[in-house]
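Novice: Dropping in protein.cif, with mmCIF, C-alpha atoms and all ligand atoms.
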```cif
data_query
loop_
_atom_site.label_atom_id
_atom_site.label_comp_id
_atom_site.auth_asym_id
_atom_site.auth_seq_id
_atom_site.Cartn_x
_atom_site.Cartn_y
_atom_site.Cartn_z
CA MET A 11 -20.25 -13.63 -9.43
CA PHE A 12 -18.86 -12.78 -6.01
CA GLN A 13 -21.55 -12.17 -3.41
CA PHE A 14 -20.65 -9.77 -0.63
CA THR A 15 -22.19 -9.95 2.83
CA GLU A 16 -24.39 -7.20 4.28
CA GLU A 17 -21.53 -6.21 6.55
CA GLN A 18 -19.03 -5.94 3.69
CA LEU A 19 -21.46 -3.87 1.65
CA SER A 20 -22.19 -1.54 4.55
CA VAL A 21 -18.45 -0.91 5.04
CA GLN A 22 -18.20 -0.13 1.34
CA GLU A 23 -21.13 2.28 1.54
CA LEU A 24 -19.72 4.01 4.62
CA VAL A 25 -16.33 4.57 3.00
CA HIS A 26 -17.89 5.46 -0.36
CA ASP A 27 -20.02 8.22 1.16
CA PHE A 28 -17.19 9.62 3.27
CA ALA A 29 -14.67 9.49 0.41
CA GLN A 30 -16.97 11.09 -2.16
CA LYS A 31 -18.20 13.83 0.19
CA GLU A 32 -15.14 14.63 2.30
CA VAL A 33 -12.07 13.34 0.47
CA LEU A 34 -12.65 13.90 -3.25
CA PRO A 35 -13.12 17.69 -2.91
CA LEU A 36 -9.69 17.91 -1.18
CA ALA A 37 -7.78 15.53 -3.46
CA GLU A 38 -6.38 18.25 -5.72
CA GLU A 39 -5.24 20.38 -2.78
CA ASN A 40 -3.69 17.36 -1.03
CA ASP A 41 -1.79 16.60 -4.23
CA LYS A 42 -0.49 20.18 -4.49
CA LEU A 43 0.61 20.29 -0.84
CA GLY A 44 2.27 16.88 -1.11
CA LEU A 45 1.33 15.95 2.45
CA PRO A 46 -1.24 13.75 4.16
CA ASN A 47 -4.41 15.58 5.16
CA LYS A 48 -4.43 15.40 8.96
CA GLU A 49 -8.17 15.97 9.33
CA ILE A 50 -8.97 13.17 6.88
CA ILE A 51 -6.55 10.77 8.59
CA ALA A 52 -8.06 11.64 11.99
CA ALA A 53 -11.56 11.03 10.61
CA LEU A 54 -10.48 7.67 9.16
CA GLY A 55 -9.17 6.77 12.60
CA GLU A 56 -12.43 7.76 14.24
CA MET A 57 -14.48 5.82 11.69
CA GLY A 58 -12.47 2.68 12.40
CA ILE A 59 -11.09 2.51 8.86
CA LEU A 60 -7.39 2.71 9.80
CA SER A 61 -8.04 -0.10 12.28
CA LEU A 62 -10.44 -2.01 10.00
CA ASN A 63 -8.49 -5.28 10.22
CA ILE A 64 -7.65 -4.99 13.94
CA PRO A 65 -9.83 -7.12 16.26
CA GLU A 66 -12.30 -5.30 18.50
CA GLU A 67 -10.40 -6.33 21.65
CA TYR A 68 -7.62 -3.93 20.59
CA GLY A 69 -10.03 -1.14 19.69
CA GLY A 70 -10.31 -2.03 15.99
CA SER A 71 -13.26 -2.80 13.74
CA GLY A 72 -12.53 -6.53 13.39
CA LEU A 73 -13.51 -6.72 9.73
CA ASP A 74 -12.42 -9.18 7.05
CA GLU A 75 -10.18 -9.07 3.97
CA ILE A 76 -13.02 -8.33 1.52
CA SER A 77 -14.06 -5.33 3.65
CA LYS A 78 -10.45 -4.17 3.46
CA VAL A 79 -10.46 -4.48 -0.35
CA LEU A 80 -13.70 -2.51 -0.64
CA ALA A 81 -12.56 0.22 1.77
CA ILE A 82 -9.23 0.79 0.00
CA TYR A 83 -11.01 0.67 -3.39
CA GLU A 84 -13.50 3.36 -2.37
CA MET A 85 -10.74 5.60 -0.97
CA GLY A 86 -8.66 5.01 -4.11
CA ARG A 87 -11.51 6.32 -6.27
CA THR A 88 -11.06 9.74 -4.71
CA CYS A 89 -7.57 10.49 -3.33
CA ALA A 90 -5.05 7.76 -4.10
CA GLY A 91 -2.48 9.17 -1.65
CA THR A 92 -4.92 8.95 1.25
CA ALA A 93 -5.90 5.45 0.12
CA GLU A 94 -2.21 4.51 0.21
CA VAL A 95 -2.01 5.65 3.86
CA VAL A 96 -4.92 3.28 4.61
CA SER A 97 -3.45 0.44 2.57
CA THR A 98 -0.05 0.72 4.30
CA GLN A 99 -1.77 0.83 7.68
CA MET A 100 -3.62 -2.43 6.96
CA LEU A 101 -0.28 -4.05 6.12
CA VAL A 102 1.33 -2.79 9.33
CA ASN A 103 -1.71 -3.92 11.37
CA ASP A 104 -1.46 -7.38 9.82
CA ILE A 105 2.24 -7.75 10.57
CA VAL A 106 1.77 -6.68 14.19
CA LEU A 107 -1.26 -8.93 14.62
CA MET A 108 0.48 -11.95 13.17
CA ASN A 109 3.78 -11.56 14.97
CA ALA A 110 3.58 -9.41 18.10
CA ASN A 111 3.20 -10.66 21.67
CA GLU A 112 0.24 -9.61 23.84
CA GLU A 113 2.06 -6.67 25.47
CA GLN A 114 3.10 -5.28 22.08
CA LYS A 115 -0.39 -5.69 20.62
CA ALA A 116 -1.94 -3.97 23.63
CA GLU A 117 0.58 -1.13 23.38
CA PHE A 118 0.53 -0.40 19.64
CA LEU A 119 -2.77 -1.52 18.11
CA PRO A 120 -5.09 0.77 20.13
CA ARG A 121 -3.00 3.73 18.89
CA VAL A 122 -4.20 3.01 15.35
CA ALA A 123 -7.80 3.04 16.52
CA GLU A 124 -7.02 6.51 17.93
CA GLY A 125 -5.98 7.71 14.47
CA LYS A 126 -2.20 7.23 14.70
CA ILE A 127 -0.40 5.54 11.84
CA GLY A 128 2.54 3.16 11.67
CA ALA A 129 5.08 2.08 9.07
CA PHE A 130 6.84 -1.00 7.75
CA ALA A 131 10.52 -0.38 7.05
CA LEU A 132 12.36 -2.92 4.93
CA THR A 133 13.77 -1.07 1.89
CA GLU A 134 17.24 0.51 2.01
CA PRO A 135 19.23 2.50 -0.53
CA GLY A 136 21.08 -0.68 -1.57
CA ALA A 137 18.25 -3.18 -1.01
CA GLY A 138 14.93 -2.90 -2.83
CA SER A 139 13.69 -5.95 -4.72
CA ASP A 140 16.52 -7.90 -3.13
CA ALA A 141 15.23 -7.46 0.42
CA GLY A 142 17.62 -10.11 1.73
CA SER A 143 20.56 -7.75 1.17
CA ILE A 144 19.61 -5.14 3.80
CA ARG A 145 22.44 -3.74 5.93
CA THR A 146 20.74 -2.01 8.89
CA LYS A 147 22.38 -3.71 11.86
CA ALA A 148 21.06 -4.49 15.32
CA VAL A 149 23.87 -5.53 17.66
CA ARG A 150 23.15 -7.07 21.03
CA ASP A 151 24.48 -5.14 24.04
CA GLY A 152 23.47 -6.87 27.28
CA SER A 153 19.71 -7.06 27.24
CA ASP A 154 19.45 -4.24 24.66
CA PHE A 155 20.09 -3.95 20.92
CA ILE A 156 21.88 -1.02 19.27
CA ILE A 157 20.58 -0.23 15.80
CA ASN A 158 22.48 1.58 13.04
CA GLY A 159 21.42 2.07 9.45
CA THR A 160 19.18 3.92 7.02
CA LYS A 161 15.86 2.89 5.51
CA CYS A 162 14.42 4.66 2.48
CA PHE A 163 11.03 5.13 0.80
CA ILE A 164 9.11 4.35 4.00
CA SER A 165 5.38 5.08 3.71
CA ASN A 166 3.39 6.56 6.61
CA MET A 167 6.42 8.33 8.02
CA GLY A 168 6.80 12.09 7.67
CA LYS A 169 7.77 15.16 9.64
CA ASP A 170 4.58 15.03 11.73
CA GLU A 171 3.06 11.64 11.06
CA GLY A 172 4.11 8.10 11.77
CA ASP A 173 3.88 6.91 15.35
CA PHE A 174 5.68 3.59 15.26
CA VAL A 175 7.59 1.37 12.88
CA VAL A 176 8.07 -2.31 12.17
CA LEU A 177 11.78 -2.35 11.38
CA ILE A 178 13.67 -5.18 9.70
CA THR A 179 17.37 -5.46 10.60
CA VAL A 180 20.36 -7.78 10.34
CA THR A 181 21.44 -9.38 13.62
CA ASP A 182 23.70 -12.13 12.31
CA PRO A 183 25.14 -11.48 8.82
CA GLN A 184 26.63 -15.00 8.69
CA LYS A 185 23.19 -16.60 8.84
CA GLY A 186 21.66 -14.56 6.00
CA THR A 187 17.90 -14.35 5.53
CA HIS A 188 17.11 -17.50 7.50
CA GLY A 189 18.10 -16.80 11.06
CA GLY A 190 20.21 -13.68 10.49
CA MET A 191 17.48 -11.02 10.40
CA THR A 192 15.37 -9.63 13.23
CA ALA A 193 12.25 -7.45 13.29
CA PHE A 194 11.64 -4.74 15.89
CA LEU A 195 8.55 -2.78 16.83
CA ILE A 196 9.76 0.70 17.69
CA ASP A 197 8.14 3.89 18.92
CA ARG A 198 8.91 6.97 16.87
CA ASN A 199 10.20 8.86 19.92
CA THR A 200 12.99 6.38 20.62
CA PRO A 201 16.31 8.27 20.98
CA GLY A 202 18.62 7.60 18.01
CA PHE A 203 15.70 7.20 15.58
CA THR A 204 14.98 10.17 13.30
CA VAL A 205 12.83 10.69 10.25
CA GLY A 206 15.04 12.07 7.47
CA LYS A 207 14.25 13.36 4.00
CA LEU A 208 10.57 13.49 3.01
CA GLU A 209 10.40 12.39 -0.64
CA ASP A 210 8.91 14.75 -3.25
CA LYS A 211 6.98 12.29 -5.41
CA LEU A 212 5.39 12.04 -8.87
CA GLY A 213 2.10 10.70 -7.50
CA ILE A 214 0.21 9.56 -4.38
CA ARG A 215 1.43 12.87 -3.01
CA ALA A 216 -1.01 12.85 -0.09
CA ALA A 217 0.98 9.96 1.43
CA SER A 218 4.27 10.67 3.21
CA VAL A 219 7.26 8.60 2.18
CA SER A 220 10.48 9.26 4.08
CA GLU A 221 13.97 8.16 4.93
CA LEU A 222 14.45 6.70 8.42
CA ILE A 223 17.79 7.07 10.16
CA PHE A 224 18.97 4.92 13.06
CA GLN A 225 22.11 6.14 14.81
CA ASP A 226 23.15 4.19 17.88
CA CYS A 227 19.48 3.68 18.56
CA ARG A 228 19.25 1.62 21.75
CA VAL A 229 16.15 -0.51 22.23
CA PRO A 230 15.36 -3.14 24.88
CA GLU A 231 14.82 -6.78 23.96
CA SER A 232 11.07 -6.21 24.54
CA CYS A 233 11.03 -4.35 21.19
CA VAL A 234 11.89 -7.54 19.27
CA LEU A 235 8.92 -8.59 17.15
CA GLY A 236 8.57 -12.37 17.16
CA SER A 237 11.92 -13.89 17.96
CA VAL A 238 15.52 -13.00 17.21
CA GLY A 239 16.47 -14.39 13.78
CA ASP A 240 12.88 -14.48 12.53
CA GLY A 241 12.93 -11.09 10.80
CA PHE A 242 12.88 -12.18 7.16
CA ARG A 243 9.90 -14.47 7.71
CA ILE A 244 8.11 -11.64 9.54
CA ALA A 245 8.85 -9.22 6.67
CA MET A 246 7.45 -11.75 4.22
CA SER A 247 4.41 -12.48 6.43
CA GLY A 248 2.85 -9.20 5.31
CA LEU A 249 3.39 -9.76 1.60
CA ASP A 250 0.12 -11.43 0.61
CA GLY A 251 -2.05 -8.93 2.47
CA GLY A 252 0.10 -6.03 1.25
CA ARG A 253 -0.21 -7.13 -2.35
CA ILE A 254 -3.98 -7.46 -2.02
CA GLY A 255 -3.95 -3.93 -0.56
CA VAL A 256 -2.08 -2.52 -3.57
CA ALA A 257 -4.37 -4.45 -5.94
CA SER A 258 -7.35 -2.81 -4.18
CA LEU A 259 -5.74 0.62 -4.51
CA SER A 260 -5.21 -0.16 -8.21
CA LEU A 261 -8.93 -0.94 -8.58
CA GLY A 262 -9.88 2.39 -7.02
CA ILE A 263 -7.49 4.40 -9.19
CA ALA A 264 -8.62 2.47 -12.29
CA GLN A 265 -12.31 2.97 -11.51
CA HIS A 266 -11.79 6.70 -11.04
CA ALA A 267 -9.96 6.96 -14.38
CA PHE A 268 -12.56 4.81 -16.15
CA ASP A 269 -15.56 6.77 -14.82
CA SER A 270 -13.93 10.09 -15.77
CA ALA A 271 -13.17 8.82 -19.28
CA VAL A 272 -16.66 7.45 -19.96
CA LYS A 273 -18.27 10.70 -18.75
CA TYR A 274 -15.92 12.86 -20.80
CA SER A 275 -16.37 10.75 -23.95
CA LYS A 276 -20.12 11.46 -23.86
CA GLU A 277 -19.69 15.19 -23.17
CA ARG A 278 -16.91 16.05 -25.62
CA SER A 279 -18.02 16.58 -29.21
CA GLN A 280 -15.75 16.70 -32.24
CA PHE A 281 -16.76 16.42 -35.90
CA GLY A 282 -20.34 17.21 -34.83
CA ARG A 283 -20.92 14.30 -32.44
CA PRO A 284 -19.75 13.03 -29.04
CA ILE A 285 -16.35 11.34 -29.29
CA SER A 286 -17.98 8.21 -27.67
CA LYS A 287 -19.72 7.62 -31.03
CA ASN A 288 -16.37 6.73 -32.61
CA GLN A 289 -15.47 3.07 -32.71
CA GLY A 290 -11.86 3.96 -31.89
CA ILE A 291 -13.00 5.39 -28.52
CA GLN A 292 -15.52 2.57 -27.95
CA TRP A 293 -12.77 0.00 -28.31
CA TYR A 294 -10.71 1.83 -25.68
CA ILE A 295 -13.74 1.78 -23.37
CA ALA A 296 -14.31 -1.94 -23.98
CA ASP A 297 -10.67 -2.75 -23.20
CA MET A 298 -10.71 -0.58 -20.09
CA ALA A 299 -13.98 -2.10 -18.81
CA THR A 300 -12.76 -5.66 -19.40
CA ARG A 301 -9.41 -5.16 -17.70
CA LEU A 302 -11.05 -3.42 -14.74
CA GLU A 303 -13.52 -6.27 -14.29
CA ALA A 304 -10.79 -8.91 -14.58
CA ALA A 305 -8.67 -7.02 -12.04
CA LYS A 306 -11.60 -6.91 -9.61
CA LEU A 307 -12.20 -10.65 -9.91
CA LEU A 308 -8.53 -11.49 -9.37
CA THR A 309 -8.42 -9.21 -6.32
CA TYR A 310 -11.59 -10.65 -4.76
CA ASN A 311 -10.26 -14.13 -5.49
CA ALA A 312 -7.00 -13.33 -3.67
CA ALA A 313 -8.89 -11.82 -0.73
CA TYR A 314 -11.04 -14.96 -0.40
CA ALA A 315 -7.92 -17.12 -0.64
CA ARG A 316 -6.41 -15.14 2.24
CA MET A 317 -9.59 -15.27 4.33
CA ASN A 318 -9.79 -19.04 3.83
CA ASN A 319 -6.08 -19.63 4.53
CA SER A 320 -5.78 -21.20 1.09
CA LYS A 321 -2.38 -22.53 0.05
CA ASP A 322 -2.92 -20.67 -3.24
CA VAL A 323 -2.88 -17.25 -1.57
CA VAL A 324 0.72 -16.48 -2.64
CA ILE A 325 0.07 -16.90 -6.36
CA ALA A 326 -3.42 -15.36 -6.09
CA ALA A 327 -2.10 -12.22 -4.33
CA SER A 328 0.78 -11.84 -6.80
CA MET A 329 -1.52 -12.27 -9.81
CA ALA A 330 -3.98 -9.73 -8.39
CA LYS A 331 -1.24 -7.19 -7.65
CA TYR A 332 0.48 -7.70 -11.00
CA PHE A 333 -2.65 -7.62 -13.13
CA ALA A 334 -4.52 -4.87 -11.27
CA SER A 335 -1.53 -2.51 -11.17
CA GLU A 336 -0.80 -2.99 -14.87
CA ALA A 337 -4.53 -2.61 -15.66
CA ALA A 338 -4.73 0.62 -13.64
CA ASN A 339 -1.82 2.06 -15.62
CA TYR A 340 -3.39 1.00 -18.93
CA ILE A 341 -6.75 2.45 -17.92
CA ALA A 342 -5.23 5.72 -16.63
CA ASP A 343 -3.27 6.07 -19.87
CA LYS A 344 -6.32 5.48 -22.06
CA ALA A 345 -8.46 7.78 -19.87
CA LEU A 346 -5.92 10.55 -20.43
CA GLN A 347 -5.91 9.81 -24.17
CA ILE A 348 -9.71 10.08 -24.29
CA HIS A 349 -9.43 13.50 -22.61
CA GLY A 350 -7.02 14.65 -25.32
CA GLY A 351 -5.06 17.78 -24.38
CA TYR A 352 -7.37 18.44 -21.43
CA GLY A 353 -6.14 15.23 -19.83
CA PHE A 354 -2.66 16.70 -19.72
CA ILE A 355 -3.58 19.73 -17.65
CA LYS A 356 -4.31 19.92 -13.96
CA ASP A 357 -7.89 21.20 -14.33
CA PHE A 358 -8.97 17.59 -14.87
CA ASP A 359 -8.59 14.80 -12.28
CA VAL A 360 -7.20 12.43 -14.89
CA GLU A 361 -3.84 14.24 -14.89
CA ARG A 362 -3.43 13.40 -11.19
CA ILE A 363 -4.82 9.87 -11.59
CA TYR A 364 -2.28 9.15 -14.34
CA ARG A 365 0.58 10.18 -12.01
CA ASP A 366 -0.90 8.32 -9.04
CA ALA A 367 -1.17 5.06 -11.00
CA ARG A 368 2.54 4.84 -11.81
CA ILE A 369 3.73 3.70 -8.38
CA LEU A 370 1.38 0.68 -8.41
CA LYS A 371 3.76 -1.28 -10.66
CA ILE A 372 6.71 -0.58 -8.34
CA PHE A 373 6.00 -0.89 -4.62
CA GLU A 374 5.05 -4.04 -2.71
CA GLY A 375 7.12 -5.93 -5.30
CA THR A 376 7.57 -4.62 -8.85
CA SER A 377 5.72 -6.20 -11.78
CA GLU A 378 8.95 -8.02 -12.67
CA ILE A 379 9.16 -9.48 -9.15
CA GLN A 380 5.47 -10.53 -9.28
CA LYS A 381 6.22 -12.44 -12.48
CA ILE A 382 9.09 -14.19 -10.73
CA VAL A 383 6.76 -15.18 -7.86
CA ILE A 384 3.94 -16.33 -10.17
CA SER A 385 6.19 -18.43 -12.40
CA ARG A 386 7.98 -19.92 -9.37
CA GLU A 387 4.63 -20.98 -7.89
CA VAL A 388 3.53 -22.47 -11.23
CA LEU A 389 6.78 -24.33 -11.84
CA LYS A 390 7.07 -25.84 -8.38
CA LYS A 391 3.79 -27.78 -8.84
C1 LIG A 401 6.19 5.71 -2.97
C2 LIG A 401 6.93 4.52 -2.42
C3 LIG A 401 6.50 3.95 -1.22
C4 LIG A 401 7.19 2.87 -0.67
N1 LIG A 401 6.84 2.39 0.57
C5 LIG A 401 7.63 1.46 1.16
C6 LIG A 401 7.42 1.08 2.52
O1 LIG A 401 6.48 1.55 3.18
N2 LIG A 401 8.28 0.19 3.10
C7 LIG A 401 9.32 -0.35 2.41
O2 LIG A 401 10.06 -1.13 2.99
N3 LIG A 401 9.55 -0.01 1.11
C8 LIG A 401 8.74 0.88 0.48
N4 LIG A 401 8.98 1.25 -0.81
C9 LIG A 401 10.09 0.63 -1.55
C10 LIG A 401 9.60 -0.26 -2.68
O3 LIG A 401 9.04 -1.43 -2.17
C11 LIG A 401 10.81 -0.48 -3.62
O4 LIG A 401 11.03 0.73 -4.31
C12 LIG A 401 10.58 -1.63 -4.58
O5 LIG A 401 10.55 -2.86 -3.90
C13 LIG A 401 11.66 -1.70 -5.67
O6 LIG A 401 12.93 -1.59 -5.14
P1 LIG A 401 13.96 -0.53 -5.78
O7 LIG A 401 13.24 0.77 -5.88
O8 LIG A 401 15.21 -0.57 -5.02
O9 LIG A 401 14.20 -1.06 -7.25
P2 LIG A 401 15.24 -2.21 -7.68
O10 LIG A 401 15.06 -3.41 -6.84
O11 LIG A 401 16.60 -1.62 -7.78
O12 LIG A 401 14.72 -2.55 -9.14
C14 LIG A 401 15.01 -1.73 -10.28
C15 LIG A 401 14.39 -2.42 -11.50
O13 LIG A 401 15.01 -3.70 -11.68
C16 LIG A 401 14.03 -4.71 -11.70
N5 LIG A 401 14.56 -5.94 -11.11
C17 LIG A 401 15.17 -6.09 -9.90
N6 LIG A 401 15.49 -7.37 -9.70
C18 LIG A 401 15.06 -8.06 -10.80
C19 LIG A 401 15.08 -9.43 -11.17
N7 LIG A 401 15.60 -10.39 -10.37
N8 LIG A 401 14.54 -9.78 -12.36
C20 LIG A 401 13.98 -8.83 -13.18
N9 LIG A 401 13.93 -7.52 -12.86
C21 LIG A 401 14.46 -7.14 -11.67
C22 LIG A 401 12.86 -4.16 -10.91
O14 LIG A 401 11.65 -4.81 -11.24
C23 LIG A 401 12.89 -2.70 -11.34
O15 LIG A 401 12.24 -2.56 -12.58
C24 LIG A 401 8.30 2.31 -1.38
C25 LIG A 401 8.69 2.87 -2.60
C26 LIG A 401 8.04 3.98 -3.11
C27 LIG A 401 8.56 4.60 -4.38
#
```
Mind converting the file's structure to structure tokens?
Specialist:
Amino acid sequence: MFQFTEEQLSVQELVHDFAQKEVLPLAEENDKLGLPNKEIIAALGEMGILSLNIPEEYGGSGLDEISKVLAIYEMGRTCAGTAEVVSTQMLVNDIVLMNANEEQKAEFLPRVAEGKIGAFALTEPGAGSDAGSIRTKAVRDGSDFIINGTKCFISNMGKDEGDFVVLITVTDPQKGTHGGMTAFLIDRNTPGFTVGKLEDKLGIRAASVSELIFQDCRVPESCVLGSVGDGFRIAMSGLDGGRIGVASLSLGIAQHAFDSAVKYSKERSQFGRPISKNQGIQWYIADMATRLEAAKLLTYNAAYARMNNSKDVVIAASMAKYFASEAANYIADKALQIHGGYGFIKDFDVERIYRDARILKIFEGTSEIQKIVISREVLKK
């Protein structure tokens, strides 16, 4: 059994109480509006949850990877879209922390502690799973760079939200992924950078996902994150933590679906007894409970691997993301089935949970890509 520290458990309790009292009652409305809830995001900033993994010297909470897992899990049990905002923010924080210089950290990280959110922009219309094929170009002009291109599906960027972005570009197409790509840390108000279409999504509707357009966007060399040519490595530096974040979100969504299904199965009677008395339903519940527990253990295992700088973190994070996201979809599907026709209508949370779960198998590396990573790690030994 994993033993959590007092500190980790108190973070979980703090987020649990806030999420159940303040976030859950608004989840349906957030979903209908299809926008992040500004008051909730501001409160998460004030509570130090958006900046959970940022050290105290930059205004953050300075907490560890397990605390991150528990915080995202508790948020995911209420409003998955809001939990996705938090999960993305942890990824962005990590990338900045691992790769930025002191001036950049001092400029951008305290903003998160003030409740502002940032984004990580890699995906383009022609480059999803194959991230090495991006086309957004940054061309040197004296001591500046001029950026042109379009990013799509970028979380934490919307009409009103999204303060800064970690942007991955191509600086030398001849060199490819190793040496030819450069990361930038860019303020939203930079001339030439605009937020385009806000996507109208199936689920996690309380999280903004938008297109980003760069048109002759001039930035000084001081915006380079890390060094010129190091962009692909920087993009990949966030992968393990990002995958653990999505696994944690999967746990929250799965737990919400599971709890709703168990409760409903005891309340709903057909043929003169609660449907939970039927072995067919009990077997669903056993499968759901087992997959949820296995997903939790894989996610905690990956978080410990990351905290301990284990060489196994890559495979552990991929396994956690792959298994937990598939488990969440299985559990959401079975929870809806247990609700029968009522699961299909919006009066019950499970309808929203089912939609929210679907993205888990796609972003931060699809399930197919996770299987490529896992098998590659196994076969190289
Ligand atoms: C809501 C949402 C939020 C997102 N947030 C962000 C974000 O903040 N930042 C960001 O940069 N991106 C973000 N993304 C993009 C996301 O990471 C990509 O959608 C994802 O990586 C898949 O890329 P794609 O959609 O282009 O699909 P494709 O890569 O075109 O894949 C299509 C299908 O082909 C499969 N496939 C592809 N290659 C292989 C292969 N070699 N072997 C087997 N199967 C393969 C895939 O698994 C998938 O099933 C977001 C996407 C969504 C929908």
Novice: Just the residues within 7 Å of Leu235 (chain A), please, counting all atoms listed in the file, with nothing from its chain fewer than 6 positions along; format it as a ChimeraX atom specification.
Specialist: /A:109-110,193-195
Novice: Tell me, counting only C-alpha atoms and all ligand atoms, for each residue of chain A within 8 Å of ligand LIG 401 (chain A), which pair of atoms is nearest and how far apart they are in Å to one decimal, in rows ordered by chain and increasing number, as CSV.
Specialist:
```
residue,atom,partner,partner_atom,distance
A:Thr98,CA,A:LIG401,O1,6.7
A:Ala129,CA,A:LIG401,O1,6.1
A:Phe130,CA,A:LIG401,N2,5.0
A:Ala131,CA,A:LIG401,O2,4.2
A:Leu132,CA,A:LIG401,O2,3.5
A:Thr133,CA,A:LIG401,O2,3.9
A:Glu134,CA,A:LIG401,O8,7.4
A:Pro135,CA,A:LIG401,O8,6.8
A:Gly136,CA,A:LIG401,O8,6.8
A:Ala137,CA,A:LIG401,O8,5.7
A:Gly138,CA,A:LIG401,O8,3.2
A:Ser139,CA,A:LIG401,O10,3.6
A:Asp140,CA,A:LIG401,O10,6.0
A:Ala141,CA,A:LIG401,O5,7.9
A:Lys161,CA,A:LIG401,O2,7.5
A:Cys162,CA,A:LIG401,N3,6.9
A:Phe163,CA,A:LIG401,C24,4.5
A:Ile164,CA,A:LIG401,O1,3.9
A:Ser165,CA,A:LIG401,O1,3.7
A:Asn166,CA,A:LIG401,O1,6.8
A:Lys211,CA,A:LIG401,C1,7.1
A:Gly213,CA,A:LIG401,C1,7.9
A:Ile214,CA,A:LIG401,C1,7.3
A:Val219,CA,A:LIG401,C3,5.8
A:Ile369,CA,A:LIG401,C1,6.3
A:Ile372,CA,A:LIG401,C12,5.5
A:Phe373,CA,A:LIG401,O3,3.9
A:Glu374,CA,A:LIG401,O3,4.8
A:Gly375,CA,A:LIG401,O5,4.8
A:Thr376,CA,A:LIG401,O14,4.7
A:Ser377,CA,A:LIG401,O14,6.1
A:Glu378,CA,A:LIG401,O14,4.4
A:Ile379,CA,A:LIG401,O14,5.7
A:Ile382,CA,A:LIG401,N8,7.2
```
Novice: So that I can check the surroundings of region 347-363 of chain A, please list as an mmCIF file with C-alpha atoms, keeping the file's coordinate frame every protein, DNA and RNA residue that reaches within 12 Å of it, counting all atoms listed in the file and ignoring chain neighbours fewer than 6 positions away.
Specialist:
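Produced file result-v4.cif, reproduced below:
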```cif
data_model
loop_
_atom_site.group_PDB
_atom_site.id
_atom_site.type_symbol
_atom_site.label_atom_id
_atom_site.label_comp_id
_atom_site.auth_asym_id
_atom_site.auth_seq_id
_atom_site.Cartn_x
_atom_site.Cartn_y
_atom_site.Cartn_z
ATOM 1 C CA LEU A 34 -12.650 13.900 -3.250
ATOM 2 C CA PRO A 35 -13.120 17.690 -2.910
ATOM 3 C CA LEU A 36 -9.690 17.910 -1.180
ATOM 4 C CA ALA A 37 -7.780 15.530 -3.460
ATOM 5 C CA GLU A 38 -6.380 18.250 -5.720
ATOM 6 C CA GLU A 39 -5.240 20.380 -2.780
ATOM 7 C CA ASN A 40 -3.690 17.360 -1.030
ATOM 8 C CA ASP A 41 -1.790 16.600 -4.230
ATOM 9 C CA LYS A 42 -0.490 20.180 -4.490
ATOM 10 C CA GLY A 86 -8.660 5.010 -4.110
ATOM 11 C CA ARG A 87 -11.510 6.320 -6.270
ATOM 12 C CA THR A 88 -11.060 9.740 -4.710
ATOM 13 C CA CYS A 89 -7.570 10.490 -3.330
ATOM 14 C CA ALA A 90 -5.050 7.760 -4.100
ATOM 15 C CA GLY A 91 -2.480 9.170 -1.650
ATOM 16 C CA LYS A 211 6.980 12.290 -5.410
ATOM 17 C CA LEU A 212 5.390 12.040 -8.870
ATOM 18 C CA GLY A 213 2.100 10.700 -7.500
ATOM 19 C CA ILE A 214 0.210 9.560 -4.380
ATOM 20 C CA ARG A 215 1.430 12.870 -3.010
ATOM 21 C CA ALA A 216 -1.010 12.850 -0.090
ATOM 22 C CA LEU A 259 -5.740 0.620 -4.510
ATOM 23 C CA SER A 260 -5.210 -0.160 -8.210
ATOM 24 C CA LEU A 261 -8.930 -0.940 -8.580
ATOM 25 C CA GLY A 262 -9.880 2.390 -7.020
ATOM 26 C CA ILE A 263 -7.490 4.400 -9.190
ATOM 27 C CA ALA A 264 -8.620 2.470 -12.290
ATOM 28 C CA GLN A 265 -12.310 2.970 -11.510
ATOM 29 C CA HIS A 266 -11.790 6.700 -11.040
ATOM 30 C CA ALA A 267 -9.960 6.960 -14.380
ATOM 31 C CA PHE A 268 -12.560 4.810 -16.150
ATOM 32 C CA ASP A 269 -15.560 6.770 -14.820
ATOM 33 C CA SER A 270 -13.930 10.090 -15.770
ATOM 34 C CA ALA A 271 -13.170 8.820 -19.280
ATOM 35 C CA VAL A 272 -16.660 7.450 -19.960
ATOM 36 C CA LYS A 273 -18.270 10.700 -18.750
ATOM 37 C CA TYR A 274 -15.920 12.860 -20.800
ATOM 38 C CA SER A 275 -16.370 10.750 -23.950
ATOM 39 C CA LYS A 276 -20.120 11.460 -23.860
ATOM 40 C CA GLU A 277 -19.690 15.190 -23.170
ATOM 41 C CA ARG A 278 -16.910 16.050 -25.620
ATOM 42 C CA SER A 279 -18.020 16.580 -29.210
ATOM 43 C CA GLN A 280 -15.750 16.700 -32.240
ATOM 44 C CA PRO A 284 -19.750 13.030 -29.040
ATOM 45 C CA ILE A 285 -16.350 11.340 -29.290
ATOM 46 C CA SER A 286 -17.980 8.210 -27.670
ATOM 47 C CA ASN A 288 -16.370 6.730 -32.610
ATOM 48 C CA GLY A 290 -11.860 3.960 -31.890
ATOM 49 C CA ILE A 291 -13.000 5.390 -28.520
ATOM 50 C CA GLN A 292 -15.520 2.570 -27.950
ATOM 51 C CA TRP A 293 -12.770 0.000 -28.310
ATOM 52 C CA TYR A 294 -10.710 1.830 -25.680
ATOM 53 C CA ILE A 295 -13.740 1.780 -23.370
ATOM 54 C CA MET A 298 -10.710 -0.580 -20.090
ATOM 55 C CA ALA A 338 -4.730 0.620 -13.640
ATOM 56 C CA ASN A 339 -1.820 2.060 -15.620
ATOM 57 C CA TYR A 340 -3.390 1.000 -18.930
ATOM 58 C CA ILE A 341 -6.750 2.450 -17.920
ATOM 59 C CA ILE A 369 3.730 3.700 -8.380
ATOM 60 C CA LEU A 370 1.380 0.680 -8.410
#
```
